[in-house]
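What's in upload.txt: compact mmCIF, C-alpha atoms (C1' of nucleotides)
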```txt
# COMPACT_ATOMS: atom_id res chain seq x y z
CA MET A 1 44.71 14.67 -19.10
CA ASP A 2 43.08 13.28 -15.96
CA GLU A 3 42.79 16.56 -14.14
CA LYS A 4 40.25 17.72 -16.72
CA LYS A 5 38.08 14.68 -16.18
CA GLU A 6 38.28 15.47 -12.50
CA ARG A 7 37.09 19.03 -13.09
CA ILE A 8 34.15 17.83 -15.11
CA ILE A 9 33.20 15.21 -12.55
CA SER A 10 33.36 17.54 -9.62
CA ALA A 11 31.47 20.31 -11.40
CA THR A 12 28.79 17.84 -12.37
CA LYS A 13 28.52 16.51 -8.84
CA GLU A 14 28.00 19.97 -7.42
CA LEU A 15 25.33 20.75 -9.95
CA ILE A 16 23.60 17.43 -9.50
CA VAL A 17 23.42 17.92 -5.76
CA GLN A 18 21.77 21.26 -6.38
CA TYR A 19 19.52 20.58 -9.35
CA GLY A 20 19.43 16.85 -10.01
CA PHE A 21 20.75 15.15 -13.08
CA LYS A 22 18.08 15.96 -15.62
CA LYS A 23 17.93 19.64 -14.76
CA THR A 24 21.68 20.04 -15.00
CA THR A 25 22.70 21.12 -18.49
CA MET A 26 25.93 20.52 -20.32
CA ASP A 27 26.34 24.28 -20.69
CA GLU A 28 26.21 24.71 -16.93
CA ILE A 29 28.71 21.93 -16.37
CA ALA A 30 31.04 23.44 -18.94
CA ALA A 31 30.80 26.85 -17.31
CA LYS A 32 31.51 25.45 -13.85
CA ALA A 33 34.36 23.30 -15.15
CA ARG A 34 35.75 26.33 -16.96
CA MET A 35 35.98 24.83 -20.43
CA GLY A 36 34.10 24.80 -23.69
CA LYS A 37 31.12 22.50 -23.87
CA SER A 38 32.60 20.65 -26.82
CA THR A 39 35.77 19.95 -24.88
CA MET A 40 33.86 17.78 -22.47
CA TYR A 41 32.96 15.49 -25.30
CA TYR A 42 36.61 14.76 -25.70
CA TYR A 43 36.63 13.22 -22.23
CA PHE A 44 33.17 11.74 -22.02
CA LYS A 45 31.01 10.04 -24.59
CA ASN A 46 27.90 11.93 -23.50
CA LYS A 47 26.02 13.30 -20.54
CA GLU A 48 24.98 9.93 -19.20
CA ASP A 49 28.57 8.82 -19.38
CA ILE A 50 29.55 11.50 -16.90
CA PHE A 51 26.79 10.37 -14.61
CA ALA A 52 27.82 6.75 -15.00
CA GLU A 53 31.37 7.61 -14.04
CA ILE A 54 30.20 9.41 -10.92
CA VAL A 55 28.08 6.48 -9.91
CA ARG A 56 30.95 4.09 -10.58
CA ILE A 57 33.33 6.08 -8.38
CA ASP A 58 30.86 6.43 -5.54
CA SER A 59 30.01 2.79 -5.79
CA ASP A 60 33.67 1.82 -5.51
CA LEU A 61 34.11 4.02 -2.46
CA PHE A 62 31.04 2.41 -0.94
CA ARG A 63 32.41 -1.07 -1.46
CA GLN A 64 35.76 -0.16 -0.02
CA LYS A 65 34.10 1.32 3.04
CA LEU A 66 32.17 -1.91 3.53
CA ILE A 67 35.27 -4.04 3.15
CA ASP A 68 37.08 -1.88 5.69
CA ALA A 69 34.22 -2.19 8.13
CA ILE A 70 34.31 -5.95 7.89
CA GLN A 71 38.03 -6.17 8.34
CA ALA A 72 37.88 -4.06 11.48
CA ALA A 73 35.60 -6.62 13.13
CA TYR A 74 36.44 -10.08 14.42
CA SER A 75 33.60 -12.51 14.94
CA PRO A 76 31.39 -13.38 11.96
CA GLN A 77 28.47 -11.83 13.80
CA ASP A 78 30.38 -8.63 14.30
CA LYS A 79 31.49 -8.57 10.70
CA ILE A 80 27.95 -8.98 9.43
CA MET A 81 26.66 -6.50 11.95
CA GLN A 82 29.24 -3.92 10.92
CA TYR A 83 28.53 -4.62 7.30
CA VAL A 84 24.83 -3.92 7.71
CA ARG A 85 25.43 -0.96 9.98
CA THR A 86 27.92 0.66 7.66
CA ARG A 87 25.71 -0.05 4.66
CA MET A 88 22.72 1.67 6.26
CA LEU A 89 24.61 4.68 7.50
CA HIS A 90 26.39 5.22 4.21
CA LEU A 91 23.18 4.79 2.28
CA LYS A 92 21.55 7.37 4.49
CA GLU A 93 24.40 9.74 3.86
CA LEU A 94 24.18 9.13 0.13
CA SER A 95 20.43 9.55 -0.01
CA ASN A 96 20.83 12.78 1.87
CA TYR A 97 23.59 14.03 -0.36
CA TYR A 98 21.86 13.14 -3.58
CA LYS A 99 18.46 14.21 -2.36
CA THR A 100 17.60 15.74 -5.71
CA LEU A 101 18.04 12.39 -7.39
CA THR A 102 15.33 10.77 -5.30
CA ASN A 103 12.78 12.67 -7.32
CA GLU A 104 14.19 11.34 -10.56
CA TYR A 105 14.18 7.85 -9.19
CA LEU A 106 11.30 6.83 -11.40
CA ASP A 107 12.94 7.48 -14.77
CA HIS A 108 15.71 5.02 -14.03
CA TYR A 109 18.84 5.18 -16.05
CA PHE A 110 19.75 1.84 -17.54
CA PHE A 111 23.36 1.84 -16.29
CA ILE A 112 22.17 2.30 -12.71
CA GLU A 113 20.59 -1.12 -13.01
CA LYS A 114 23.96 -2.53 -13.99
CA VAL A 115 25.63 -0.96 -10.95
CA ARG A 116 22.83 -2.14 -8.73
CA GLU A 117 23.12 -5.71 -9.97
CA ASP A 118 26.87 -5.67 -9.59
CA PHE A 119 26.48 -4.42 -6.07
CA TYR A 120 24.02 -7.16 -5.23
CA SER A 121 26.39 -9.87 -6.35
CA PHE A 122 29.17 -8.19 -4.41
CA GLU A 123 26.94 -8.15 -1.35
CA ASN A 124 25.85 -11.70 -1.92
CA LYS A 125 29.41 -12.88 -2.13
CA ILE A 126 30.43 -11.08 1.05
CA LEU A 127 27.50 -12.30 3.10
CA SER A 128 27.86 -15.84 1.82
CA ASP A 129 31.49 -15.89 2.81
CA LEU A 130 30.75 -14.53 6.25
CA ILE A 131 27.97 -17.01 6.91
CA ASN A 132 30.19 -19.78 5.71
CA GLU A 133 32.98 -18.57 7.94
CA GLY A 134 30.58 -18.65 10.86
CA ILE A 135 29.59 -22.20 10.08
CA GLN A 136 33.21 -23.31 9.80
CA GLN A 137 33.90 -21.80 13.19
CA ASN A 138 30.93 -23.66 14.59
CA ILE A 139 29.27 -20.37 15.46
CA PHE A 140 26.36 -20.67 13.05
CA THR A 141 24.45 -23.91 12.58
CA PRO A 142 24.96 -25.54 9.19
CA CYS A 143 22.18 -24.36 6.94
CA ASP A 144 21.29 -23.39 3.42
CA ILE A 145 23.58 -20.41 3.05
CA ASP A 146 21.74 -19.00 0.04
CA VAL A 147 18.52 -18.91 2.03
CA VAL A 148 20.11 -17.16 4.98
CA VAL A 149 21.78 -14.60 2.74
CA HIS A 150 18.52 -14.01 0.95
CA MET A 151 16.78 -13.43 4.27
CA ILE A 152 19.43 -10.97 5.37
CA ALA A 153 19.01 -9.20 2.04
CA ILE A 154 15.26 -8.99 2.62
CA ALA A 155 15.81 -7.65 6.12
CA ILE A 156 18.14 -5.02 4.69
CA LYS A 157 15.47 -4.02 2.20
CA GLY A 158 13.04 -3.56 5.05
CA LEU A 159 15.57 -1.47 6.93
CA GLU A 160 16.08 0.66 3.85
CA TYR A 161 12.40 1.46 3.57
CA PRO A 162 12.40 4.55 5.81
CA LEU A 163 15.13 6.05 3.65
CA PHE A 164 12.99 5.57 0.63
CA ILE A 165 9.93 7.30 2.00
CA GLN A 166 12.11 9.90 3.69
CA LYS A 167 10.92 8.95 7.12
CA GLU A 168 13.20 9.57 10.04
CA GLN A 169 14.20 6.36 11.80
CA ASP A 170 17.05 5.21 13.99
CA LEU A 171 18.69 3.04 11.36
CA GLU A 172 21.59 2.10 13.57
CA ARG A 173 19.40 0.83 16.37
CA ASP A 174 17.01 -0.97 14.03
CA SER A 175 19.86 -2.62 12.15
CA LYS A 176 21.39 -3.81 15.38
CA GLN A 177 18.17 -5.26 16.75
CA MET A 178 17.24 -6.90 13.49
CA MET A 179 20.60 -8.59 13.13
CA GLU A 180 20.56 -9.72 16.74
CA ILE A 181 17.30 -11.55 16.16
CA ILE A 182 18.56 -13.13 12.96
CA PHE A 183 21.79 -14.18 14.65
CA LYS A 184 19.89 -15.87 17.43
CA GLY A 185 18.01 -17.67 14.68
CA ILE A 186 21.14 -19.08 13.08
CA GLU A 187 23.60 -19.40 15.92
CA VAL A 188 24.60 -22.79 17.27
CA ARG A 189 22.75 -23.43 20.52
CA ALA A 190 24.73 -23.95 23.65
CA MET B 1 -31.03 3.68 -0.65
CA ASP B 2 -28.01 1.47 -0.19
CA GLU B 3 -28.35 -0.43 -3.45
CA LYS B 4 -27.56 2.77 -5.34
CA LYS B 5 -24.37 3.30 -3.42
CA GLU B 6 -23.50 -0.27 -4.28
CA ARG B 7 -24.05 0.38 -7.98
CA ILE B 8 -21.82 3.41 -7.90
CA ILE B 9 -19.10 1.61 -6.01
CA SER B 10 -19.07 -1.38 -8.26
CA ALA B 11 -19.16 0.70 -11.43
CA THR B 12 -16.27 2.77 -10.14
CA LYS B 13 -14.26 -0.31 -9.23
CA GLU B 14 -14.62 -1.75 -12.70
CA LEU B 15 -13.56 1.49 -14.30
CA ILE B 16 -10.66 1.99 -11.93
CA VAL B 17 -9.32 -1.47 -12.67
CA GLN B 18 -9.40 -0.61 -16.36
CA TYR B 19 -8.34 3.01 -16.44
CA GLY B 20 -7.09 3.99 -13.00
CA PHE B 21 -8.70 6.54 -10.74
CA LYS B 22 -7.66 9.76 -12.37
CA LYS B 23 -8.61 8.70 -15.87
CA THR B 24 -12.03 7.55 -14.77
CA THR B 25 -14.59 10.33 -15.18
CA MET B 26 -17.75 10.93 -13.24
CA ASP B 27 -19.69 10.77 -16.50
CA GLU B 28 -18.39 7.29 -17.19
CA ILE B 29 -19.23 6.15 -13.69
CA ALA B 30 -22.72 7.60 -14.02
CA ALA B 31 -23.22 5.84 -17.33
CA LYS B 32 -22.04 2.49 -16.00
CA ALA B 33 -24.08 2.88 -12.83
CA ARG B 34 -27.10 3.82 -14.96
CA MET B 35 -27.99 7.08 -13.28
CA GLY B 36 -27.55 10.79 -13.77
CA LYS B 37 -24.21 12.20 -12.78
CA SER B 38 -25.83 14.60 -10.35
CA THR B 39 -27.54 11.75 -8.59
CA MET B 40 -24.23 10.36 -7.49
CA TYR B 41 -23.59 13.53 -5.57
CA TYR B 42 -26.57 12.67 -3.42
CA TYR B 43 -24.73 9.57 -2.23
CA PHE B 44 -21.15 10.75 -2.26
CA LYS B 45 -19.59 14.06 -1.41
CA ASN B 46 -17.27 13.98 -4.42
CA LYS B 47 -15.14 11.75 -6.58
CA GLU B 48 -12.49 11.17 -3.95
CA ASP B 49 -15.20 10.21 -1.53
CA ILE B 50 -16.15 7.29 -3.75
CA PHE B 51 -12.55 6.23 -3.90
CA ALA B 52 -12.19 6.56 -0.16
CA GLU B 53 -15.21 4.33 0.38
CA ILE B 54 -13.78 1.68 -1.92
CA VAL B 55 -10.50 1.75 -0.09
CA ARG B 56 -12.30 1.56 3.24
CA ILE B 57 -14.31 -1.47 2.18
CA ASP B 58 -11.31 -3.29 0.74
CA SER B 59 -9.33 -2.46 3.82
CA ASP B 60 -12.03 -3.94 6.06
CA LEU B 61 -12.13 -7.10 3.96
CA PHE B 62 -8.37 -7.32 4.24
CA ARG B 63 -8.46 -7.06 8.00
CA GLN B 64 -11.19 -9.64 8.27
CA LYS B 65 -9.22 -12.03 6.10
CA LEU B 66 -6.21 -11.58 8.38
CA ILE B 67 -8.27 -12.17 11.50
CA ASP B 68 -9.73 -15.32 9.98
CA ALA B 69 -6.27 -16.58 9.08
CA ILE B 70 -5.11 -16.10 12.63
CA GLN B 71 -8.09 -17.83 14.13
CA ALA B 72 -7.61 -20.85 11.90
CA ALA B 73 -4.14 -21.41 13.37
CA TYR B 74 -3.19 -22.67 16.80
CA SER B 75 0.31 -21.95 18.02
CA PRO B 76 1.46 -18.36 18.24
CA GLN B 77 4.11 -19.16 15.64
CA ASP B 78 1.49 -20.53 13.30
CA LYS B 79 -0.75 -17.56 13.88
CA ILE B 80 2.00 -15.10 13.07
CA MET B 81 3.13 -17.19 10.15
CA GLN B 82 -0.38 -17.31 8.73
CA TYR B 83 -0.79 -13.62 9.35
CA VAL B 84 2.31 -12.75 7.35
CA ARG B 85 1.55 -15.30 4.66
CA THR B 86 -2.01 -14.11 4.20
CA ARG B 87 -0.89 -10.51 4.24
CA MET B 88 1.63 -11.05 1.49
CA LEU B 89 -0.64 -13.10 -0.73
CA HIS B 90 -3.53 -10.70 -0.38
CA LEU B 91 -1.29 -7.75 -1.03
CA LYS B 92 -0.03 -9.41 -4.15
CA GLU B 93 -3.59 -10.02 -5.28
CA LEU B 94 -4.49 -6.43 -4.55
CA SER B 95 -1.48 -4.99 -6.32
CA ASN B 96 -2.34 -7.14 -9.28
CA TYR B 97 -6.00 -6.19 -9.29
CA TYR B 98 -5.38 -2.51 -8.94
CA LYS B 99 -2.40 -2.52 -11.26
CA THR B 100 -3.52 0.75 -12.83
CA LEU B 101 -3.25 2.44 -9.48
CA THR B 102 0.43 1.60 -9.09
CA ASN B 103 1.19 4.17 -11.75
CA GLU B 104 -0.72 6.83 -9.84
CA TYR B 105 1.11 5.88 -6.68
CA LEU B 106 3.14 9.06 -6.69
CA ASP B 107 0.27 11.55 -6.53
CA HIS B 108 -0.87 10.06 -3.26
CA TYR B 109 -4.32 10.78 -2.05
CA PHE B 110 -4.36 12.10 1.46
CA PHE B 111 -6.99 9.69 2.81
CA ILE B 112 -4.87 6.74 1.74
CA GLU B 113 -2.37 7.84 4.36
CA LYS B 114 -5.09 7.69 6.97
CA VAL B 115 -6.05 4.16 5.97
CA ARG B 116 -2.43 3.14 5.92
CA GLU B 117 -1.81 4.49 9.39
CA ASP B 118 -4.94 2.81 10.73
CA PHE B 119 -3.80 -0.42 9.21
CA TYR B 120 -0.41 -0.14 10.83
CA SER B 121 -1.88 0.28 14.28
CA PHE B 122 -4.21 -2.64 13.60
CA GLU B 123 -1.21 -4.71 12.60
CA ASN B 124 0.79 -3.54 15.55
CA LYS B 125 -1.97 -4.52 17.94
CA ILE B 126 -2.37 -7.98 16.43
CA LEU B 127 1.32 -8.76 16.39
CA SER B 128 1.81 -7.44 19.91
CA ASP B 129 -0.98 -9.64 21.18
CA LEU B 130 0.42 -12.70 19.43
CA ILE B 131 3.93 -12.16 20.71
CA ASN B 132 2.55 -11.62 24.18
CA GLU B 133 0.49 -14.78 23.90
CA GLY B 134 3.62 -16.66 22.94
CA ILE B 135 5.46 -15.32 25.96
CA GLN B 136 2.60 -16.25 28.28
CA GLN B 137 2.67 -19.78 26.92
CA ASN B 138 6.40 -19.92 27.52
CA ILE B 139 7.00 -20.37 23.79
CA PHE B 140 8.76 -17.08 23.20
CA THR B 141 11.39 -15.76 25.58
CA PRO B 142 10.32 -12.66 27.50
CA CYS B 143 11.52 -9.67 25.53
CA ASP B 144 10.72 -6.13 24.54
CA ILE B 145 7.54 -6.79 22.59
CA ASP B 146 7.61 -3.45 20.82
CA VAL B 147 11.05 -4.17 19.47
CA VAL B 148 10.11 -7.61 18.22
CA VAL B 149 6.96 -6.29 16.57
CA HIS B 150 8.95 -3.53 14.96
CA MET B 151 11.43 -6.06 13.59
CA ILE B 152 8.64 -8.18 12.17
CA ALA B 153 7.21 -5.06 10.57
CA ILE B 154 10.58 -4.31 9.01
CA ALA B 155 10.88 -7.86 7.75
CA ILE B 156 7.42 -7.53 6.20
CA LYS B 157 8.50 -4.34 4.46
CA GLY B 158 11.46 -6.19 3.02
CA LEU B 159 9.19 -8.98 1.85
CA GLU B 160 6.89 -6.44 0.22
CA TYR B 161 9.70 -4.95 -1.81
CA PRO B 162 9.39 -7.26 -4.83
CA LEU B 163 5.73 -6.31 -5.12
CA PHE B 164 6.70 -2.70 -5.26
CA ILE B 165 9.21 -3.02 -8.03
CA GLN B 166 7.01 -5.56 -9.80
CA LYS B 167 9.60 -8.27 -9.56
CA GLU B 168 8.45 -11.84 -9.50
CA GLN B 169 9.33 -13.60 -6.24
CA ASP B 170 8.04 -16.57 -4.29
CA LEU B 171 6.46 -14.53 -1.53
CA GLU B 172 5.06 -17.55 0.25
CA ARG B 173 8.40 -19.30 0.48
CA ASP B 174 10.27 -16.15 1.46
CA SER B 175 7.72 -15.27 4.12
CA LYS B 176 7.96 -18.73 5.58
CA GLN B 177 11.74 -18.79 5.71
CA MET B 178 11.98 -15.30 7.10
CA MET B 179 9.54 -16.00 9.89
CA GLU B 180 11.23 -19.28 10.71
CA ILE B 181 14.50 -17.48 11.31
CA ILE B 182 12.84 -14.82 13.41
CA PHE B 183 10.99 -17.45 15.43
CA LYS B 184 14.22 -19.26 16.17
CA GLY B 185 15.51 -15.91 17.33
CA ILE B 186 12.73 -15.40 19.87
CA GLU B 187 11.73 -18.91 20.87
CA VAL B 188 12.55 -20.27 24.30
CA ARG B 189 15.53 -22.58 24.05
CA ALA B 190 15.12 -26.21 25.03
C1' DT C 1 46.34 15.65 -28.72
C1' DT C 2 43.41 19.04 -27.00
C1' DT C 3 40.21 23.05 -27.27
C1' DC C 4 36.42 25.49 -28.89
C1' DG C 5 32.93 28.30 -31.62
C1' DA C 6 29.51 27.65 -34.95
C1' DC C 7 26.02 24.81 -36.03
C1' DC C 8 22.16 21.24 -36.09
C1' DA C 9 18.27 18.16 -34.93
C1' DT C 10 15.37 17.32 -31.64
C1' DA C 11 13.35 17.70 -27.13
C1' DA C 12 11.22 20.46 -23.98
C1' DA C 13 8.69 24.61 -22.67
C1' DA C 14 5.23 28.26 -23.61
C1' DC C 15 1.15 29.42 -25.48
C1' DG C 16 -3.73 29.79 -26.36
C1' DG C 17 -8.01 28.12 -27.84
C1' DA C 18 -11.16 24.23 -27.68
C1' DT C 19 -12.84 20.53 -24.95
C1' DT C 20 -13.53 17.89 -20.81
C1' DT C 21 -14.43 17.32 -16.20
C1' DG C 22 -15.72 17.72 -11.30
C1' DG C 23 -19.06 19.81 -9.06
C1' DT C 24 -23.49 22.99 -8.09
C1' DC C 25 -28.38 24.32 -8.27
C1' DG C 26 -33.00 24.52 -8.66
C1' DA C 27 -36.97 22.31 -10.73
C1' DG C 28 -39.66 18.50 -10.56
C1' DG C 29 -41.02 13.58 -9.57
C1' DA C 30 -42.20 9.83 -6.15
C1' DT D 1 -39.13 14.63 2.53
C1' DC D 2 -36.34 11.84 -0.21
C1' DC D 3 -34.50 11.25 -4.58
C1' DT D 4 -33.29 12.26 -9.67
C1' DC D 5 -31.62 14.86 -13.22
C1' DG D 6 -30.71 18.39 -17.00
C1' DA D 7 -28.70 22.72 -17.48
C1' DC D 8 -24.96 25.17 -16.23
C1' DC D 9 -20.22 26.92 -14.54
C1' DA D 10 -15.40 27.51 -13.33
C1' DA D 11 -11.37 25.24 -13.48
C1' DA D 12 -8.56 21.72 -15.28
C1' DT D 13 -6.97 19.25 -19.12
C1' DC D 14 -5.99 18.49 -23.79
C1' DC D 15 -3.83 19.48 -28.14
C1' DG D 16 -1.81 21.48 -32.02
C1' DT D 17 1.61 25.16 -32.84
C1' DT D 18 5.45 28.05 -32.15
C1' DT D 19 9.53 29.22 -29.57
C1' DT D 20 13.30 28.18 -26.88
C1' DA D 21 16.73 25.17 -24.74
C1' DT D 22 19.62 21.38 -24.92
C1' DG D 23 22.58 17.43 -26.11
C1' DG D 24 25.58 16.46 -29.34
C1' DT D 25 28.63 17.03 -33.95
C1' DC D 26 32.29 18.93 -36.88
C1' DG D 27 35.99 21.18 -38.71
C1' DA D 28 39.38 24.58 -37.77
C1' DA D 29 43.05 25.89 -35.05
C1' DA D 30 46.28 25.82 -31.25
```

As structure tokens, how would this structure be written, given the file I've shared?
Amino acid sequence: MDEKKERIISATKELIVQYGFKKTTMDEIAAKARMGKSTMYYYFKNKEDIFAEIVRIDSDLFRQKLIDAIQAAYSPQDKIMQYVRTRMLHLKELSNYYKTLTNEYLDHYFFIEKVREDFYSFENKILSDLINEGIQQNIFTPCDIDVVVHMIAIAIKGLEYPLFIQKEQDLERDSKQMMEIIFKGIEVRA
Amino acid sequence: MDEKKERIISATKELIVQYGFKKTTMDEIAAKARMGKSTMYYYFKNKEDIFAEIVRIDSDLFRQKLIDAIQAAYSPQDKIMQYVRTRMLHLKELSNYYKTLTNEYLDHYFFIEKVREDFYSFENKILSDLINEGIQQNIFTPCDIDVVVHMIAIAIKGLEYPLFIQKEQDLERDSKQMMEIIFKGIEVRA
DNA sequence: TTTCGACCATAAAACGGATTTGGTCGAGGA
DNA sequence: TCCTCGACCAAATCCGTTTTATGGTCGAAA
């Protein structure tokens, strides 16, 4: 039954938010999900599998949110801008929600790497398409798309930095200003 | 006598490179510096003080190297480009040399923060001056200098990222391409 | 097919004694 | 007065051992 999986997932999420992944025990999850510990092993291969599922779900929601943001905008610039903006704000939300995980960041779980890589190719695809679209529309000057995308990715990494060191910054403003400069750098000149 | 301080510093550096700061003991330093352990306390307040001095010296060398790089270039663009390039390459060298320290990165020593902050204001000053110079020479369009400097700083953070996660990247190429885009974004249009 | 209690191997914590380590002090040398 | 160091100390760290907690299995039963 799928409702059981749901119970396990949501119990785990609550506990993770409070204690982090490593500190959360299977016994606690079972108690919160109101079922025997063994039962959970009928639905999930192991503890990491639960975590992986959570990450997968959140990751899918994230992607969908980004796609929506792009579709709500018109010009290529606006699409990219909204992409970056939405990405930063959502990431901030996430990093706030899963604050406890930041501490465990060092002992990285292998499957996170997989998700991360998948996300990067998703992002790469999206940005490439948008840049290309801009070039087709004679808005951006023809250029090496891979390079431009790579530069945007680097800029995004720089924008992410404050999140990482838990420093308060106006991500929305910074994102906007950064993208404006980059756009001026790749737009067709009048 | 200053030669003694020198001996202590250099002994400590060698040991740090090999074992890291925490694993290096005062006894080992004393042995390598060929003097009694107590003697070292005549020259330095404590173990951290030695470390702080090393960081200070390296930091000064770093700054000087950056200043030299700037002075060897002519146009504001070239100066900024050489600044960023030199910064990245030196940082890479440093992070390679003090590899052992990367592991201790988490337990951050308070005085490192001080050095870091000082460096940031040094960097801010330099970049501000260069942008301003470019505006005076009618090379860059008049703009909010603080914003532009902040964006360059963010871009630098993004460029630094591969160093942090120990991922191999062509820093020199990336720096160049990133700055080229930013320059196009702030240059006066023909 | 689904649930669970009993059970297991191992990992993590708790412990406590031995050792190491950063740092002090006063005596003594130049 | 400047400098050096051996003897010493309190606190931190190490390390082997025991205890406890934890992730995961299995077979019975619903």

Output as a Markdown table one row per residue of chain C within 12 Å of range 4-9 of chain D: the closest atom pair and its distance in Å to one decimal place, counting all atoms listed in the file, sorted by chain and residue number ascending.
```
| residue | atom | partner | partner_atom | distance |
| --- | --- | --- | --- | --- |
| C:DT21 | C1' | D:DC9 | C1' | 11.3 |
| C:DG22 | C1' | D:DC9 | C1' | 10.7 |
| C:DG23 | C1' | D:DC9 | C1' | 9.1 |
| C:DT24 | C1' | D:DC9 | C1' | 8.2 |
| C:DC25 | C1' | D:DC8 | C1' | 8.7 |
| C:DG26 | C1' | D:DA7 | C1' | 10.0 |
| C:DA27 | C1' | D:DC5 | C1' | 9.5 |
| C:DG28 | C1' | D:DT4 | C1' | 9.0 |
| C:DG29 | C1' | D:DT4 | C1' | 7.8 |
| C:DA30 | C1' | D:DT4 | C1' | 9.9 |
```

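Straight-line separation from CA of Pro162 in chain A to CA of His90 in chain A: 14.1 Å.
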
Counting all atoms listed in the file, which residues of chain A fall within 12 Å of chain D, and what is the closest atom pair for each with its distance in Å at one decimal, ordered by chain and rising number, as a tab-separated table?
```
residue	atom	partner	partner_atom	distance
A:Lys22	CA	D:DT22	C1'	10.9
A:Lys23	CA	D:DT22	C1'	10.4
A:Thr24	CA	D:DT22	C1'	10.2
A:Thr25	CA	D:DT22	C1'	7.1
A:Met26	CA	D:DG23	C1'	7.4
A:Asp27	CA	D:DT22	C1'	8.5
A:Glu28	CA	D:DT22	C1'	10.9
A:Lys37	CA	D:DG24	C1'	9.9
A:Ser38	CA	D:DG24	C1'	8.6
A:Thr39	CA	D:DG24	C1'	11.7
A:Met40	CA	D:DG24	C1'	10.8
A:Tyr41	CA	D:DG24	C1'	8.5
A:Tyr42	CA	D:DT25	C1'	11.7
A:Phe44	CA	D:DG24	C1'	11.6
A:Lys45	CA	D:DG24	C1'	9.7
A:Asn46	CA	D:DG24	C1'	7.7
A:Lys47	CA	D:DG23	C1'	7.7
A:Glu48	CA	D:DG23	C1'	10.5
```

Contacts of Leu101 in chain A within 9 Å, all atoms listed in the file, excl. fewer than 5 positions in-chain, as a ChimeraX atom specification:
/A:16-17,19-22,95

Can you write out as JSON lines which residues of chain B fall within 7 Å of chain A, alongside each residue's closest atom pair and its distance in Å to one decimal, counting only C-alpha atoms and ordering rows by chain and ascending residue number?
```
{"residue": "B:Met151", "atom": "CA", "partner": "A:Met178", "partner_atom": "CA", "distance": 5.9}
{"residue": "B:Ile154", "atom": "CA", "partner": "A:Gly158", "partner_atom": "CA", "distance": 4.7}
{"residue": "B:Ala155", "atom": "CA", "partner": "A:Ala155", "partner_atom": "CA", "distance": 5.2}
{"residue": "B:Ile156", "atom": "CA", "partner": "A:Gly158", "partner_atom": "CA", "distance": 7.0}
{"residue": "B:Lys157", "atom": "CA", "partner": "A:Gly158", "partner_atom": "CA", "distance": 4.6}
{"residue": "B:Gly158", "atom": "CA", "partner": "A:Gly158", "partner_atom": "CA", "distance": 3.7}
{"residue": "B:Leu159", "atom": "CA", "partner": "A:Ile154", "partner_atom": "CA", "distance": 6.1}
{"residue": "B:Met178", "atom": "CA", "partner": "A:Met151", "partner_atom": "CA", "distance": 5.9}
{"residue": "B:Ile181", "atom": "CA", "partner": "A:Gly185", "partner_atom": "CA", "distance": 4.9}
{"residue": "B:Ile182", "atom": "CA", "partner": "A:Ile182", "partner_atom": "CA", "distance": 6.0}
{"residue": "B:Lys184", "atom": "CA", "partner": "A:Gly185", "partner_atom": "CA", "distance": 4.4}
{"residue": "B:Gly185", "atom": "CA", "partner": "A:Gly185", "partner_atom": "CA", "distance": 4.0}
```

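Here CA of Phe119 in chain A and CA of Ser59 in chain A stand 8.0 Å from one another.
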
Kindly provide, as a PDB file with C-alpha atoms (C1' of nucleotides), in the coordinates of the input, the residues of chain C having any atom no farther than 9 Å from an atom of chain A, counting only C-alpha atoms (C1' of nucleotides).
```pdb
ATOM      1  C1'  DT C   2      43.410  19.040 -27.000  1.00  0.00           C
ATOM      2  C1'  DT C   3      40.210  23.050 -27.270  1.00  0.00           C
ATOM      3  C1'  DC C   4      36.420  25.490 -28.890  1.00  0.00           C
ATOM      4  C1'  DG C   5      32.930  28.300 -31.620  1.00  0.00           C
TER       5       DG C   5
END
```

Exercise: Lys32 in chain A partners within 10 Å, all atoms listed in the file, chain neighbours under 5 positions left out, as a VMD selection string:
chain A and resid 7 to 8 10 to 12 14 to 15 26 to 27

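Note that the spacing between CA of Leu61 in chain B and CA of Tyr120 in chain B amounts to 15.3 Å.
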
What's the 10 Å shell around Lys92 in chain A, counting all atoms listed in the file, without same-chain residues fewer than 6 positions away, as a PDB file with C-alpha atoms, keeping the file's coordinate frame?
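Now in selection_15.pdb:
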```pdb
ATOM      1  CA  THR A  86      27.920   0.660   7.660  1.00  0.00           C
ATOM      2  CA  TYR A  98      21.860  13.140  -3.580  1.00  0.00           C
ATOM      3  CA  GLU A 160      16.080   0.660   3.850  1.00  0.00           C
ATOM      4  CA  PRO A 162      12.400   4.550   5.810  1.00  0.00           C
ATOM      5  CA  LEU A 163      15.130   6.050   3.650  1.00  0.00           C
ATOM      6  CA  PHE A 164      12.990   5.570   0.630  1.00  0.00           C
ATOM      7  CA  GLN A 166      12.110   9.900   3.690  1.00  0.00           C
ATOM      8  CA  LEU A 171      18.690   3.040  11.360  1.00  0.00           C
TER       9      LEU A 171
END
```
